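Novice: Just so it is clear, I am handing over input-v5.cif, which has mmCIF, C-alpha atoms and all ligand atoms.
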```
data_query
#
loop_
_atom_site.label_atom_id
_atom_site.label_comp_id
_atom_site.auth_asym_id
_atom_site.auth_seq_id
_atom_site.Cartn_x
_atom_site.Cartn_y
_atom_site.Cartn_z
CA MET A 1 0.00 0.00 0.00
CA GLY A 2 1.39 3.38 -0.95
CA HIS A 3 1.67 6.21 1.56
CA SER A 4 -0.02 9.51 1.04
CA ALA A 5 1.85 12.58 2.25
CA ALA A 6 -1.20 13.55 4.33
CA VAL A 7 -0.94 10.51 6.60
CA TRP A 8 2.81 10.06 6.53
CA ASP A 9 4.28 10.40 10.00
CA PHE A 10 7.46 12.41 9.49
CA ARG A 11 8.70 11.88 13.05
CA ALA A 12 8.43 8.12 12.57
CA ALA A 13 10.25 8.55 9.25
CA THR A 14 13.32 9.63 11.21
CA GLU A 15 15.21 6.70 12.68
CA LEU A 16 18.34 6.49 14.86
CA THR A 17 20.68 3.62 13.94
CA LYS A 18 24.42 2.82 14.03
CA ASP A 19 26.70 3.09 11.02
CA TRP A 20 29.28 0.44 10.00
CA ASN A 21 31.70 2.00 12.48
CA GLY A 22 29.27 1.83 15.43
CA ILE A 23 28.60 5.58 15.33
CA ASP A 24 25.05 6.89 15.74
CA GLN A 25 23.41 8.05 12.56
CA VAL A 26 20.00 9.42 11.70
CA VAL A 27 18.13 8.01 8.73
CA LEU A 28 15.54 10.26 7.07
CA ARG A 29 12.95 8.78 4.71
CA THR A 30 10.16 10.03 2.45
CA PRO A 31 6.87 8.27 1.65
CA GLN A 32 8.14 7.69 -1.91
CA GLY A 33 11.27 5.88 -0.71
CA ALA A 34 14.02 8.52 -0.89
CA SER A 35 16.39 8.54 2.08
CA ALA A 36 19.35 10.32 3.65
CA ARG A 37 21.79 9.25 6.37
CA VAL A 38 23.43 11.75 8.68
CA SER A 39 26.25 10.68 10.96
CA LEU A 40 26.58 12.30 14.36
CA HIS A 41 30.28 12.29 13.63
CA GLY A 42 30.75 15.62 11.93
CA ALA A 43 26.99 15.96 11.21
CA GLN A 44 28.07 14.59 7.88
CA VAL A 45 25.45 13.45 5.39
CA THR A 46 26.91 10.12 4.28
CA SER A 47 24.18 8.95 1.93
CA TRP A 48 21.39 10.49 -0.12
CA ARG A 49 19.26 8.14 -2.20
CA ASN A 50 16.46 8.87 -4.64
CA GLU A 51 13.08 7.10 -4.61
CA HIS A 52 14.56 4.24 -6.68
CA GLY A 53 17.17 3.64 -3.99
CA GLU A 54 20.01 4.97 -6.19
CA GLU A 55 22.87 6.61 -4.30
CA LEU A 56 23.58 10.22 -5.27
CA LEU A 57 26.59 11.03 -3.09
CA PHE A 58 30.09 9.63 -3.43
CA THR A 59 31.76 7.92 -0.47
CA SER A 60 35.16 6.32 -0.71
CA SER A 61 35.50 2.58 -0.21
CA LYS A 62 38.81 3.26 1.58
CA THR A 63 37.46 5.43 4.37
CA VAL A 64 39.85 5.22 7.31
CA SER A 65 38.34 3.91 10.51
CA SER A 66 39.79 4.22 14.00
CA LYS A 67 38.54 4.86 17.51
CA ALA A 68 38.34 8.59 16.94
CA PRO A 69 37.54 8.53 13.24
CA LYS A 70 38.39 11.33 10.90
CA ALA A 71 35.79 12.63 8.48
CA ILE A 72 34.64 10.12 5.91
CA ARG A 73 35.98 10.90 2.43
CA GLY A 74 32.67 11.61 0.78
CA GLY A 75 29.10 12.66 1.53
CA ILE A 76 28.82 16.25 2.75
CA PRO A 77 31.43 17.19 5.36
CA ILE A 78 30.78 20.51 7.09
CA CYS A 79 33.79 22.82 6.95
CA PHE A 80 33.76 25.14 9.97
CA PRO A 81 35.09 27.43 11.42
CA GLN A 82 37.60 27.48 8.60
CA PHE A 83 37.34 26.58 4.94
CA GLY A 84 40.49 25.15 3.35
CA ASN A 85 43.79 26.50 4.61
CA CYS A 86 42.71 30.12 4.94
CA GLY A 87 43.50 30.30 8.68
CA SER A 88 45.57 28.75 11.44
CA LEU A 89 43.30 25.75 12.11
CA GLU A 90 43.47 22.29 10.56
CA ARG A 91 42.27 22.22 6.94
CA HIS A 92 38.49 22.73 6.70
CA GLY A 93 38.21 23.30 10.48
CA PHE A 94 37.34 20.92 13.29
CA ALA A 95 33.53 20.59 13.02
CA ARG A 96 33.78 17.62 10.63
CA ASN A 97 35.82 15.71 13.20
CA ARG A 98 33.60 16.28 16.24
CA MET A 99 30.64 14.35 17.63
CA TRP A 100 27.46 16.40 17.31
CA SER A 101 24.28 15.85 19.34
CA ILE A 102 20.65 15.59 18.29
CA ASP A 103 18.25 18.32 19.42
CA GLU A 104 15.06 16.43 20.31
CA ASN A 105 13.04 19.66 20.57
CA PRO A 106 14.32 21.85 17.78
CA PRO A 107 13.07 25.42 17.59
CA PRO A 108 10.89 26.23 14.58
CA LEU A 109 12.51 27.54 11.49
CA PRO A 110 10.34 30.15 9.81
CA PRO A 111 8.52 30.24 7.47
CA ASN A 112 7.03 26.71 7.91
CA ASP A 113 10.32 25.38 6.76
CA SER A 114 9.97 21.84 8.06
CA ARG A 115 6.34 21.21 7.19
CA GLY A 116 6.02 18.06 5.11
CA LYS A 117 9.68 17.16 5.54
CA SER A 118 11.63 14.52 7.35
CA PHE A 119 14.35 16.36 9.25
CA VAL A 120 16.81 16.36 12.12
CA ASP A 121 18.59 19.16 13.96
CA LEU A 122 22.16 18.47 15.03
CA LEU A 123 24.09 20.68 17.41
CA LEU A 124 27.74 21.47 18.00
CA LYS A 125 29.01 23.77 20.75
CA SER A 126 32.51 24.85 21.63
CA SER A 127 34.28 22.19 23.67
CA GLU A 128 37.10 22.80 26.15
CA GLU A 129 39.53 21.26 23.70
CA ASP A 130 38.42 23.45 20.78
CA VAL A 131 38.52 26.61 22.87
CA ARG A 132 42.27 26.06 23.28
CA TYR A 133 42.72 26.55 19.51
CA TRP A 134 39.70 28.68 18.72
CA PRO A 135 38.65 30.64 21.80
CA HIS A 136 35.03 31.44 20.91
CA SER A 137 31.58 30.50 22.23
CA PHE A 138 29.38 29.32 19.42
CA GLU A 139 26.39 27.12 18.79
CA PHE A 140 26.14 25.54 15.36
CA ARG A 141 22.73 24.10 14.51
CA LEU A 142 22.51 22.10 11.30
CA ARG A 143 19.09 21.08 10.07
CA VAL A 144 19.12 18.30 7.46
CA CYS A 145 15.76 18.01 5.67
CA LEU A 146 14.47 15.60 3.08
CA THR A 147 11.44 16.94 1.23
CA THR A 148 8.64 14.71 -0.05
CA ASN A 149 10.09 14.91 -3.55
CA GLY A 150 13.50 13.77 -2.28
CA ASP A 151 15.37 17.11 -2.30
CA LEU A 152 18.01 17.46 0.36
CA THR A 153 18.23 20.77 2.22
CA LEU A 154 20.96 21.73 4.68
CA ILE A 155 20.37 24.78 6.83
CA SER A 156 23.14 26.05 9.08
CA ARG A 157 22.51 28.48 11.89
CA ILE A 158 25.67 29.65 13.61
CA ARG A 159 25.27 31.77 16.72
CA ASN A 160 27.72 33.70 18.82
CA ILE A 161 26.38 32.81 22.26
CA ASN A 162 28.68 34.86 24.38
CA GLY A 163 31.84 36.84 24.72
CA LYS A 164 33.81 38.47 21.96
CA PRO A 165 32.88 38.88 18.30
CA PHE A 166 34.35 36.17 16.09
CA SER A 167 34.85 35.40 12.41
CA PHE A 168 34.58 32.14 10.54
CA SER A 169 34.61 30.70 7.06
CA PHE A 170 32.44 27.80 6.02
CA ALA A 171 31.45 25.28 3.33
CA TYR A 172 29.18 22.36 2.54
CA HIS A 173 31.87 20.17 0.97
CA THR A 174 29.56 18.16 -1.30
CA TYR A 175 30.89 14.98 -2.97
CA LEU A 176 28.55 14.08 -5.84
CA LEU A 177 28.55 10.56 -7.27
CA VAL A 178 29.05 10.76 -11.04
CA SER A 179 29.20 8.11 -13.76
CA ASP A 180 32.48 9.29 -15.32
CA ILE A 181 34.18 12.55 -14.40
CA SER A 182 35.50 13.09 -17.93
CA GLU A 183 31.91 13.23 -19.26
CA ILE A 184 30.61 15.72 -16.65
CA ARG A 185 29.72 19.37 -17.31
CA ILE A 186 29.13 22.06 -14.73
CA GLU A 187 26.97 24.95 -15.86
CA GLY A 188 26.50 28.21 -14.02
CA LEU A 189 30.14 29.07 -13.30
CA GLU A 190 31.24 29.98 -16.83
CA THR A 191 32.66 33.50 -17.26
CA LEU A 192 33.37 33.78 -13.51
CA ASP A 193 36.76 34.57 -12.03
CA TYR A 194 38.36 31.81 -10.00
CA LEU A 195 41.34 31.30 -7.72
CA ASP A 196 43.36 28.28 -8.78
CA ASN A 197 44.71 26.30 -5.82
CA LEU A 198 47.01 24.48 -8.23
CA SER A 199 48.74 27.82 -9.07
CA GLN A 200 49.12 29.45 -5.63
CA LYS A 201 45.59 30.88 -5.80
CA GLU A 202 46.31 32.85 -8.96
CA ARG A 203 43.19 34.52 -10.34
CA PHE A 204 41.88 33.46 -13.76
CA THR A 205 38.65 33.95 -15.70
CA GLU A 206 36.70 30.88 -16.80
CA GLN A 207 36.63 30.80 -20.59
CA GLY A 208 34.63 27.72 -21.60
CA ASP A 209 30.83 27.54 -21.97
CA ALA A 210 30.83 24.91 -19.18
CA ILE A 211 33.39 23.36 -16.86
CA THR A 212 34.64 19.97 -18.03
CA PHE A 213 37.36 17.70 -16.61
CA GLU A 214 40.49 16.20 -18.12
CA SER A 215 42.99 16.64 -15.27
CA GLU A 216 43.16 17.68 -11.60
CA VAL A 217 40.94 20.67 -10.77
CA ASP A 218 41.03 22.61 -7.49
CA ARG A 219 39.36 26.00 -7.89
CA LEU A 220 37.36 28.56 -6.03
CA TYR A 221 34.88 30.42 -8.24
CA LEU A 222 34.16 33.90 -6.93
CA SER A 223 30.72 35.45 -6.51
CA SER A 224 28.95 32.28 -7.55
CA PRO A 225 25.33 32.33 -8.74
CA ASN A 226 22.41 30.95 -6.70
CA ILE A 227 22.08 27.90 -8.95
CA ILE A 228 24.72 25.55 -10.33
CA ALA A 229 23.92 22.52 -12.48
CA VAL A 230 26.08 19.39 -12.75
CA LEU A 231 25.12 17.43 -15.85
CA ASP A 232 25.75 13.68 -15.91
CA HIS A 233 24.63 12.75 -19.38
CA GLU A 234 25.52 9.06 -19.10
CA ARG A 235 23.39 8.57 -16.02
CA LYS A 236 20.69 10.86 -17.47
CA ARG A 237 20.83 12.91 -14.32
CA THR A 238 21.42 16.57 -13.49
CA PHE A 239 22.21 17.76 -9.99
CA ILE A 240 20.93 21.22 -9.14
CA ILE A 241 22.71 22.96 -6.29
CA ARG A 242 20.78 25.95 -5.07
CA LYS A 243 21.99 28.26 -2.39
CA GLU A 244 19.45 30.32 -0.54
CA GLY A 245 19.85 33.19 1.86
CA LEU A 246 23.52 33.50 1.03
CA PRO A 247 23.68 36.72 -0.91
CA ASP A 248 27.10 37.67 -2.10
CA VAL A 249 27.63 40.87 -0.17
CA GLY A 250 31.21 41.18 -1.31
CA LYS A 251 30.17 44.50 -2.72
CA LEU A 252 27.95 46.50 -0.44
CA SER A 253 27.22 49.82 -2.00
CA ILE A 254 26.18 52.71 0.15
CA VAL A 255 25.06 55.49 -2.05
CA CYS A 256 24.69 59.00 -0.67
CA CYS A 257 23.23 61.42 -3.15
CA SER A 258 22.60 65.10 -3.05
CA MET A 259 22.32 67.70 -5.73
CA VAL A 260 26.08 68.07 -5.85
CA ILE A 261 27.63 64.90 -4.27
CA SER A 262 27.33 61.28 -5.32
CA LEU A 263 29.44 58.86 -3.23
CA ILE A 264 29.70 55.09 -3.57
CA LEU A 265 31.50 53.05 -0.92
CA VAL A 266 32.41 49.48 -1.74
CA THR A 267 33.02 47.49 1.44
CA PRO A 268 34.10 43.86 1.26
CA LEU A 269 32.09 41.81 3.80
CA PHE A 270 31.87 38.18 2.86
CA LEU A 271 32.06 36.41 -0.43
CA VAL A 272 30.01 33.38 -1.45
CA CYS A 273 32.07 31.18 -3.72
CA ALA A 274 31.79 27.76 -5.29
CA ALA A 275 34.64 25.29 -4.87
CA VAL A 276 35.21 22.65 -7.54
CA TRP A 277 37.63 19.82 -6.82
CA ASN A 278 38.67 16.54 -8.38
CA PRO A 279 42.10 15.12 -7.43
CA TRP A 280 42.50 13.09 -10.67
CA GLU A 281 44.80 10.10 -10.99
CA LYS A 282 48.15 11.14 -9.50
CA LYS A 283 46.84 12.87 -6.39
CA SER A 284 44.32 10.07 -5.75
CA LYS A 285 47.18 7.60 -5.52
CA SER A 286 48.75 9.67 -2.75
CA MET A 287 45.51 9.78 -0.73
CA VAL A 288 45.19 6.93 1.76
CA ASP A 289 41.42 7.23 2.01
CA LEU A 290 40.64 7.22 -1.72
CA GLY A 291 40.88 4.24 -4.08
CA ASP A 292 43.20 4.74 -7.07
CA GLU A 293 40.35 4.78 -9.59
CA GLU A 294 37.65 6.32 -7.43
CA TYR A 295 38.35 9.89 -8.59
CA LYS A 296 36.49 8.92 -11.78
CA HIS A 297 33.23 8.77 -9.87
CA MET A 298 33.52 11.75 -7.54
CA LEU A 299 33.10 15.45 -8.00
CA CYS A 300 33.27 17.95 -5.18
CA VAL A 301 31.12 20.99 -5.85
CA ASP A 302 30.58 23.17 -2.82
CA GLY A 303 27.82 25.49 -3.87
CA ALA A 304 28.15 27.80 -0.89
CA VAL A 305 31.64 28.47 0.36
CA ILE A 306 32.07 31.50 2.56
CA GLU A 307 35.60 32.57 1.89
CA LYS A 308 35.90 36.00 3.46
CA PRO A 309 35.18 35.57 7.15
CA VAL A 310 31.70 36.28 8.46
CA ASN A 311 31.87 38.48 11.55
CA LEU A 312 29.42 37.62 14.32
CA LYS A 313 28.85 39.86 17.31
CA PRO A 314 27.64 38.38 20.63
CA GLY A 315 24.03 37.22 20.31
CA GLU A 316 24.08 37.38 16.50
CA GLU A 317 23.15 34.44 14.30
CA TRP A 318 24.12 33.66 10.69
CA THR A 319 22.05 31.38 8.47
CA GLY A 320 23.10 29.73 5.22
CA ARG A 321 21.38 26.97 3.31
CA ILE A 322 21.75 24.83 0.25
CA GLN A 323 19.24 22.67 -1.53
CA LEU A 324 20.30 19.72 -3.63
CA SER A 325 17.91 18.25 -6.17
CA VAL A 326 18.15 15.92 -9.10
CA VAL A 327 16.29 16.19 -12.36
CA GLY A 328 16.20 13.66 -15.19
CA SER A 329 17.48 13.62 -18.73
CA SER A 330 14.82 15.99 -20.02
CA PHE A 331 16.54 18.77 -18.12
CA CYS A 332 17.51 21.77 -20.18
CA SER A 333 19.95 24.17 -18.59
CA ASP A 334 18.42 27.10 -20.47
CA ARG A 335 15.57 26.88 -17.97
CA LEU A 336 17.90 28.01 -15.24
CA GLY A 337 18.51 31.20 -17.14
CA PHE A 338 22.27 30.77 -17.36
CA ARG A 339 22.32 31.90 -20.94
O1 LIG B 1 41.63 16.08 2.29
P1 LIG B 1 40.67 17.15 2.74
O2 LIG B 1 41.19 17.93 3.93
O3 LIG B 1 39.30 16.60 2.99
O4 LIG B 1 40.55 18.19 1.57
C1 LIG B 1 40.14 17.78 0.31
C2 LIG B 1 40.23 18.91 -0.71
O5 LIG B 1 39.30 19.89 -0.36
C3 LIG B 1 39.19 20.93 -1.32
O6 LIG B 1 38.23 21.87 -0.90
C4 LIG B 1 40.52 21.62 -1.45
O7 LIG B 1 40.42 22.67 -2.40
C5 LIG B 1 41.58 20.61 -1.87
O8 LIG B 1 42.83 21.26 -1.98
C6 LIG B 1 41.62 19.49 -0.86
O9 LIG B 1 42.55 18.52 -1.30
#
```
I need this file expressed as structure tokens, please.
Ligand SMILES: O=P(O)(O)OC[C@H]1O[C@@H](O)[C@H](O)[C@@H](O)[C@@H]1O

Specialist:
Amino acid sequence: MGHSAAVWDFRAATELTKDWNGIDQVVLRTPQGASARVSLHGAQVTSWRNEHGEELLFTSSKTVSSKAPKAIRGGIPICFPQFGNCGSLERHGFARNRMWSIDENPPPLPPNDSRGKSFVDLLLKSSEEDVRYWPHSFEFRLRVCLTTNGDLTLISRIRNINGKPFSFSFAYHTYLLVSDISEIRIEGLETLDYLDNLSQKERFTEQGDAITFESEVDRLYLSSPNIIAVLDHERKRTFIIRKEGLPDVGKLSIVCCSMVISLILVTPLFLVCAAVWNPWEKKSKSMVDLGDEEYKHMLCVDGAVIEKPVNLKPGEEWTGRIQLSVVGSSFCSDRLGFR
């Protein structure tokens, strides 16, 4: 018997189980059969399946396990309070290597954001150990939602709960599962400037009409659009990565006009970027937690990287969300208005 959304019990559709490593994980399900798994280790989404049970996220078969495991190579690690190497902390920050807790009574998220969705709220607060390296009082609340049509939404709310103002950078480090990296196209980033991590962050301008892959790529596209599409023609699948509520305020213009004076101030605040990474053959071989050939089936596209630090004053909260959806072969990128 099929389920109708009206009678589907979304609380019951959220189940707490253990992963292969004995770590608690939350499984979210929809009436149509889509699912997502979220590990309490790092609040990392480790699986996202469509209604046919097909996996949509890459995870490495060589993930390293130990008593205090490091982040799984794959899924969606949360990079916080630092993205990449742009600070003094370990690469991509410590949040992905911490145990998070479940909030059994999560506060509402306006406007009606969780209605009709299977979701869980996970929490991370500063620990005594972290305060030694990063002396700030924060609460990070990540809501992972699966909508009835199988879209995956991640909403981060980061709050300065006390003390001094602090800054952070951030990313949803999303590993998509692709049929063959050399057949993949990314649309939405063409014509943008990017910083190339393979050339000491030198700045270039994207020239092609889409991004394609034939060697290692490690780039940060600046001022990325709200929607990016990853086209996997072979699998007849297109991933749509949509960021919401993350305006690029890299250029805040304050215009003061009078009959005789016109003044424009451009103040850099934070910059929403898109990271694109594939290690290709040589680098994969040097990575202990990635199989030699697995790079062919993974593509990291972080639709919402905050590169310039966000400044939070005591009591302030920052919210940033992404939505991941998949559309079939009939998808036409013109509909997204890229061109
Ligand atoms: O091995 P990590 O810490 O998970 O990082 C993976 C990759 O993450 C990407 O964001 C970086 O641009 C790459 O340079 C890096 O190799």

Novice: Measuring atom to atom with only C-alpha atoms and all ligand atoms, identify which of A:Leu122, A:Leu220, A:Ile306, A:Ile241 is nearest to ligand LIG 1 (chain B).

Specialist: A:Leu220

Novice: What do you get as number ranges by chain if you pick all residues at most 10 Å from ligand LIG 1 (chain B), counting only C-alpha atoms and all ligand atoms?

Specialist: A: 70-74, 77, 79, 83-85, 90-93, 96, 171-174, 196-198, 217-220, 274-279, 283-284, 287-290, 300-302, 305

Novice: Take the selection from the previous step and output its residues with C-alpha atoms, as a short mmCIF file (atom, residue, chain, number, x, y, z; two decimals), in the frame of the given file.

Specialist:
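Dumped to part-v3.cif:
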```cif
data_model
loop_
_atom_site.label_atom_id
_atom_site.label_comp_id
_atom_site.auth_asym_id
_atom_site.auth_seq_id
_atom_site.Cartn_x
_atom_site.Cartn_y
_atom_site.Cartn_z
CA LYS A 70 38.39 11.33 10.90
CA ALA A 71 35.79 12.63 8.48
CA ILE A 72 34.64 10.12 5.91
CA ARG A 73 35.98 10.90 2.43
CA GLY A 74 32.67 11.61 0.78
CA PRO A 77 31.43 17.19 5.36
CA CYS A 79 33.79 22.82 6.95
CA PHE A 83 37.34 26.58 4.94
CA GLY A 84 40.49 25.15 3.35
CA ASN A 85 43.79 26.50 4.61
CA GLU A 90 43.47 22.29 10.56
CA ARG A 91 42.27 22.22 6.94
CA HIS A 92 38.49 22.73 6.70
CA GLY A 93 38.21 23.30 10.48
CA ARG A 96 33.78 17.62 10.63
CA ALA A 171 31.45 25.28 3.33
CA TYR A 172 29.18 22.36 2.54
CA HIS A 173 31.87 20.17 0.97
CA THR A 174 29.56 18.16 -1.30
CA ASP A 196 43.36 28.28 -8.78
CA ASN A 197 44.71 26.30 -5.82
CA LEU A 198 47.01 24.48 -8.23
CA VAL A 217 40.94 20.67 -10.77
CA ASP A 218 41.03 22.61 -7.49
CA ARG A 219 39.36 26.00 -7.89
CA LEU A 220 37.36 28.56 -6.03
CA ALA A 274 31.79 27.76 -5.29
CA ALA A 275 34.64 25.29 -4.87
CA VAL A 276 35.21 22.65 -7.54
CA TRP A 277 37.63 19.82 -6.82
CA ASN A 278 38.67 16.54 -8.38
CA PRO A 279 42.10 15.12 -7.43
CA LYS A 283 46.84 12.87 -6.39
CA SER A 284 44.32 10.07 -5.75
CA MET A 287 45.51 9.78 -0.73
CA VAL A 288 45.19 6.93 1.76
CA ASP A 289 41.42 7.23 2.01
CA LEU A 290 40.64 7.22 -1.72
CA CYS A 300 33.27 17.95 -5.18
CA VAL A 301 31.12 20.99 -5.85
CA ASP A 302 30.58 23.17 -2.82
CA VAL A 305 31.64 28.47 0.36
#
```

Novice: Can you list, as number ranges by chain, every protein, DNA or RNA residue that comes within 8 Å of Thr238 (chain A) when you count only C-alpha atoms, leaving out same-chain residues fewer than 4 positions away?

Specialist: A: 229-233, 326-329, 331

Novice: Restricting the calculation to all atoms listed in the file: of A:Leu146, A:Leu192, A:Ile322, A:Leu152, which residue gets closest to Tyr221 (chain A)?

Specialist: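 That would be A:Leu192, the residue with the smallest distance to Tyr221 (chain A).
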
Novice: A:Phe166, A:Trp48, A:Phe138, A:Phe239: which is nearest Leu28 (chain A), counting all atoms listed in the file?

Specialist: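 Using all atoms listed in the file, the shortest distance to Leu28 (chain A) belongs to A:Trp48.
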
Novice: Extract, using all atoms listed in the file, all DNA, RNA and protein residues at most 8 Å from Gln25 (chain A), discarding same-chain residues fewer than 2 positions from it, and format them as a short mmCIF file (atom, residue, chain, number, x, y, z; two decimals) with C-alpha atoms, keeping the file's coordinate frame.

Specialist:
```cif
data_model
loop_
_atom_site.label_atom_id
_atom_site.label_comp_id
_atom_site.auth_asym_id
_atom_site.auth_seq_id
_atom_site.Cartn_x
_atom_site.Cartn_y
_atom_site.Cartn_z
CA LEU A 16 18.34 6.49 14.86
CA THR A 17 20.68 3.62 13.94
CA LYS A 18 24.42 2.82 14.03
CA ASP A 19 26.70 3.09 11.02
CA ILE A 23 28.60 5.58 15.33
CA VAL A 27 18.13 8.01 8.73
CA ARG A 37 21.79 9.25 6.37
CA VAL A 38 23.43 11.75 8.68
CA SER A 39 26.25 10.68 10.96
CA LEU A 40 26.58 12.30 14.36
#
```

Novice: Which one of A:Lys236, A:Lys164, A:Ala95, A:Cys273 sits closest to Asp193 (chain A) if you count all atoms listed in the file?

Specialist: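 Of A:Lys236, A:Lys164, A:Ala95, A:Cys273, the one nearest Asp193 (chain A), counting all atoms listed in the file, is A:Cys273.
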
Novice: Would you mind telling me which residue in A:Ile211, A:Met99, A:Leu56, A:Leu271 lies nearest to Met298 (chain A) when using only C-alpha atoms?

Specialist: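 Closest residue, counting only C-alpha atoms: A:Leu56.
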
Novice: Counting all atoms listed in the file, which residue out of A:Cys86, A:Ile184, A:Ile76, A:Ile227 sits closest to Phe58 (chain A)?

Specialist: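 Of A:Cys86, A:Ile184, A:Ile76, A:Ile227, the one nearest Phe58 (chain A), counting all atoms listed in the file, is A:Ile76.
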
Novice: Within 8 Å of (30.9, 13.9, -17.0) (coordinates as in the file), grab all the protein and nucleic acid residues, counting all atoms listed in the file, and write them out as number ranges by chain.

Specialist: A: 178-185, 212-213, 231-234

Novice: Contacts of Glu294 (chain A) at 9 Å or less, counting all atoms listed in the file, minus same-chain residues fewer than 5 places along, as number ranges by chain?

Specialist: A: 60-61, 280-281, 284

Novice: Quote the spacing between CA of Ile161 (chain A) and CA of Asp24 (chain A) in Å to one decimal place.

Specialist: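 About the pair CA of Ile161 (chain A) and CA of Asp24 (chain A): they are 26.8 Å apart.
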
Novice: Figure out the distance between CA of Val144 (chain A) and CA of Ser224 (chain A), please, to one decimal in Å.

Specialist: 22.7 Å

Novice: What does the distance between CA of Ile102 (chain A) and CA of Gln323 (chain A) come to in Å, to one decimal place?

Specialist: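 Separation between CA of Ile102 (chain A) and CA of Gln323 (chain A): 21.1 Å.
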
Novice: Name the residues within 8 Å of (21.1, 19.3, 7.8), counting all atoms listed in the file in the file's coordinates, and put them as a VMD selection string.

Specialist: chain A and resid 38 43 45 119 to 122 142 to 145 153 to 156

Novice: Work out where the centre of an axis-aligned box around every listed atom of region 295-307 of chain A lies and how long its edges are once 5 Å is added on each side; give both in Å to one decimal as JSON.

Specialist:
```
{"center_x": 33.1, "center_y": 20.7, "center_z": -4.6, "size_x": 20.5, "size_y": 33.8, "size_z": 24.3}
```

Novice: Kindly reconstruct region 13-25 of chain A with N, CA and C atoms and present the result as a short mmCIF file (atom, residue, chain, number, x, y, z; two decimals), in the frame of the given file.

Specialist:
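rebuild-v4.cif, written as the output of this step:
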```cif
data_model
loop_
_atom_site.label_atom_id
_atom_site.label_comp_id
_atom_site.auth_asym_id
_atom_site.auth_seq_id
_atom_site.Cartn_x
_atom_site.Cartn_y
_atom_site.Cartn_z
N ALA A 13 9.39 8.75 10.42
CA ALA A 13 10.25 8.55 9.25
C ALA A 13 11.70 8.92 9.55
N THR A 14 11.97 9.27 10.81
CA THR A 14 13.32 9.63 11.21
C THR A 14 13.78 8.59 12.23
N GLU A 15 14.83 7.85 11.87
CA GLU A 15 15.21 6.70 12.68
C GLU A 15 16.67 6.84 13.13
N LEU A 16 16.97 6.44 14.36
CA LEU A 16 18.34 6.49 14.86
C LEU A 16 18.94 5.08 14.79
N THR A 17 20.03 4.94 14.06
CA THR A 17 20.68 3.62 13.94
C THR A 17 22.19 3.80 14.15
N LYS A 18 22.95 2.73 13.97
CA LYS A 18 24.42 2.82 14.03
C LYS A 18 24.97 2.64 12.61
N ASP A 19 26.07 3.33 12.32
CA ASP A 19 26.70 3.09 11.02
C ASP A 19 27.67 1.91 11.13
N TRP A 20 28.38 1.59 10.06
CA TRP A 20 29.28 0.44 10.00
C TRP A 20 30.40 0.54 11.04
N ASN A 21 30.61 1.78 11.54
CA ASN A 21 31.70 2.00 12.48
C ASN A 21 31.18 2.07 13.92
N GLY A 22 29.87 1.79 14.09
CA GLY A 22 29.27 1.83 15.43
C GLY A 22 28.88 3.23 15.88
N ILE A 23 28.94 4.19 14.98
CA ILE A 23 28.60 5.58 15.33
C ILE A 23 27.12 5.84 15.04
N ASP A 24 26.47 6.58 15.94
CA ASP A 24 25.05 6.89 15.74
C ASP A 24 24.85 7.66 14.45
N GLN A 25 23.78 7.30 13.76
CA GLN A 25 23.41 8.05 12.56
C GLN A 25 21.89 8.15 12.49
#
```
